[in-house]
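Working notes, beginning with the structure itself.
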Amino acid sequence: MTAAQLARPAQAADLPTVSVIVPCYRYGHFLPQCVESVTSQIGVDVQVLIIDDASGDGSADVARGIAAQDDRVHVVVHEVNKGHLTTYDEGFAWADGAFTVLLSADDLLVPGSLARATTLMSAHPEVGFVYGRSVYFVDQPPALRTGPGRPHVWNGHDWARKRF
């Protein structure tokens, strides 16, 4: 499969569904940009769940404000902090899309990333997960690289050996 085929968005009638879980603890100031990076994705039908883990800093209000503007965004607010694993598990239990993404509140998706990932996974049902290159930044994300990427499908054992 070529990079151009991976970048081509699906037709409206057959959009893959993607559930995106966004755990948040004191990262409300990042939420608007994070959620926008998800809801602006083309070629997929997204639903977002922001789970505020008792931040106490106004993050829950930011999340509720985002959800009030977009019916694809849902919010759960914990009264007491439950920690990462319980919060992730809660999100995974909610997710009902054909594909699921766990995206930290201080992370962003690049345009088209979900369409490319779901296309790759649909073409290779043996694939368990997909990821892209990480770009680290402090205040503003750097300019996006454009142009074709080079997808690689690895055997899980080979991938783990290379990484660990």
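We name chains A, B, ... following the order of the structure tokens; residues begin at 1 in each chain, and ligands are numbered from 1 as shown.
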Within 9 Å of stretch 22-26 of chain A, which residues of stretch 83-123 of chain A come that close, and what is the closest atom pair and distance in Å for each? Count only C-alpha atoms and give it as JSON lines.
```
{"residue": "A:His84", "atom": "CA", "partner": "A:Pro23", "partner_atom": "CA", "distance": 7.9}
{"residue": "A:Thr87", "atom": "CA", "partner": "A:Pro23", "partner_atom": "CA", "distance": 6.8}
{"residue": "A:Tyr88", "atom": "CA", "partner": "A:Pro23", "partner_atom": "CA", "distance": 7.1}
{"residue": "A:Gly91", "atom": "CA", "partner": "A:Val22", "partner_atom": "CA", "distance": 8.1}
{"residue": "A:Val101", "atom": "CA", "partner": "A:Val22", "partner_atom": "CA", "distance": 8.5}
{"residue": "A:Leu102", "atom": "CA", "partner": "A:Val22", "partner_atom": "CA", "distance": 6.3}
{"residue": "A:Leu103", "atom": "CA", "partner": "A:Val22", "partner_atom": "CA", "distance": 5.1}
{"residue": "A:Ser104", "atom": "CA", "partner": "A:Val22", "partner_atom": "CA", "distance": 5.5}
{"residue": "A:Ala105", "atom": "CA", "partner": "A:Cys24", "partner_atom": "CA", "distance": 5.4}
{"residue": "A:Asp106", "atom": "CA", "partner": "A:Cys24", "partner_atom": "CA", "distance": 8.4}
```
Just to be explicit: take each residue in the selection above, keep N, CA and C atoms, and write the result as a PDB file, in the first residue's frame.
```
ATOM      1  N   HIS A  84      -4.079   6.949  36.803  1.00  0.00           N
ATOM      2  CA  HIS A  84      -4.001   6.667  35.369  1.00  0.00           C
ATOM      3  C   HIS A  84      -4.731   5.393  34.954  1.00  0.00           C
ATOM      4  N   THR A  87      -8.510   5.372  35.216  1.00  0.00           N
ATOM      5  CA  THR A  87      -9.044   6.324  34.246  1.00  0.00           C
ATOM      6  C   THR A  87      -8.972   5.754  32.838  1.00  0.00           C
ATOM      7  N   TYR A  88      -7.848   5.147  32.476  1.00  0.00           N
ATOM      8  CA  TYR A  88      -7.715   4.530  31.146  1.00  0.00           C
ATOM      9  C   TYR A  88      -8.741   3.416  30.978  1.00  0.00           C
ATOM     10  N   GLY A  91     -12.127   4.715  30.258  1.00  0.00           N
ATOM     11  CA  GLY A  91     -12.226   5.141  28.868  1.00  0.00           C
ATOM     12  C   GLY A  91     -12.362   3.978  27.909  1.00  0.00           C
ATOM     13  N   VAL A 101      -8.274   5.200  20.423  1.00  0.00           N
ATOM     14  CA  VAL A 101      -7.035   5.947  20.641  1.00  0.00           C
ATOM     15  C   VAL A 101      -7.031   6.457  22.074  1.00  0.00           C
ATOM     16  N   LEU A 102      -5.915   6.302  22.753  1.00  0.00           N
ATOM     17  CA  LEU A 102      -5.688   6.894  24.061  1.00  0.00           C
ATOM     18  C   LEU A 102      -4.725   8.053  23.823  1.00  0.00           C
ATOM     19  N   LEU A 103      -5.211   9.279  24.019  1.00  0.00           N
ATOM     20  CA  LEU A 103      -4.437  10.480  23.688  1.00  0.00           C
ATOM     21  C   LEU A 103      -4.344  11.362  24.924  1.00  0.00           C
ATOM     22  N   SER A 104      -3.142  11.602  25.404  1.00  0.00           N
ATOM     23  CA  SER A 104      -2.972  12.464  26.574  1.00  0.00           C
ATOM     24  C   SER A 104      -3.422  13.879  26.248  1.00  0.00           C
ATOM     25  N   ALA A 105      -3.920  14.579  27.258  1.00  0.00           N
ATOM     26  CA  ALA A 105      -4.468  15.917  27.066  1.00  0.00           C
ATOM     27  C   ALA A 105      -3.433  16.913  26.555  1.00  0.00           C
ATOM     28  N   ASP A 106      -2.167  16.646  26.760  1.00  0.00           N
ATOM     29  CA  ASP A 106      -1.121  17.551  26.280  1.00  0.00           C
ATOM     30  C   ASP A 106      -0.513  17.089  24.960  1.00  0.00           C
TER      31      ASP A 106
END
```
Using DSSP on the backbone coordinates, identify the residues of chain A assigned to alpha helix (DSSP H); present them as number ranges by chain. A: 3-7, 31-39, 59-69, 83-94, 113-123, 156-163
Among listed residues A:Ser134, A:Gln33, A:Thr119, A:Asn155, nearest A:Ala63 (using only C-alpha atoms):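 Answer, going by the shortest atom-to-atom distance: A:Gln33.
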Can you list every residue in stretch 25-154 of chain A that DSSP puts in strand (DSSP E), as a PyMOL selection string? chain A and resi 45-52+73-77+99-102
Given the choices A:Glu79, A:Glu36, A:Asp71, A:Asp107, which gets closest to A:Tyr136 if the distance is worked out from only C-alpha atoms?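 Of A:Glu79, A:Glu36, A:Asp71, A:Asp107, the one nearest A:Tyr136 is A:Asp107, counting only C-alpha atoms.
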Need to verify the contact set: A:Val48, 8 Å, only C-alpha atoms, exclusion of same-chain residues closer than 2 positions in sequence. Can you return it as a ChimeraX atom specification? /A:19-22,35,38,46,50,72-74
Nearest-residue call for A:Gly58, choices A:Leu31, A:Pro125, A:Glu90, A:Gly149, using only C-alpha atoms: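 Using only C-alpha atoms, the shortest distance to A:Gly58 belongs to A:Leu31.
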Would you please work out which residue, of A:Leu120, A:Val127, A:Ile51, A:Val18, is nearest to A:Lys82 when using only C-alpha atoms?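 Answer, going by the shortest atom-to-atom distance: A:Ile51.
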In Å, rounded to a single decimal, give me how far atom CA of A:Asp14 is from atom CA of A:Thr100.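 Calculated distance between atom CA of A:Thr100 and atom CA of A:Asp14 is 17.0 Å.
Distances here use only C-alpha atoms; by that measure, the residue among A:Pro32, A:Asp139, A:Val80, A:Leu49 closest to A:Val62 is A:Pro32.
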Closest to A:Ser55 among A:Ser113, A:Gln69, A:Ser37, A:Asn81, using only C-alpha atoms?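 Closest candidate: A:Asn81.
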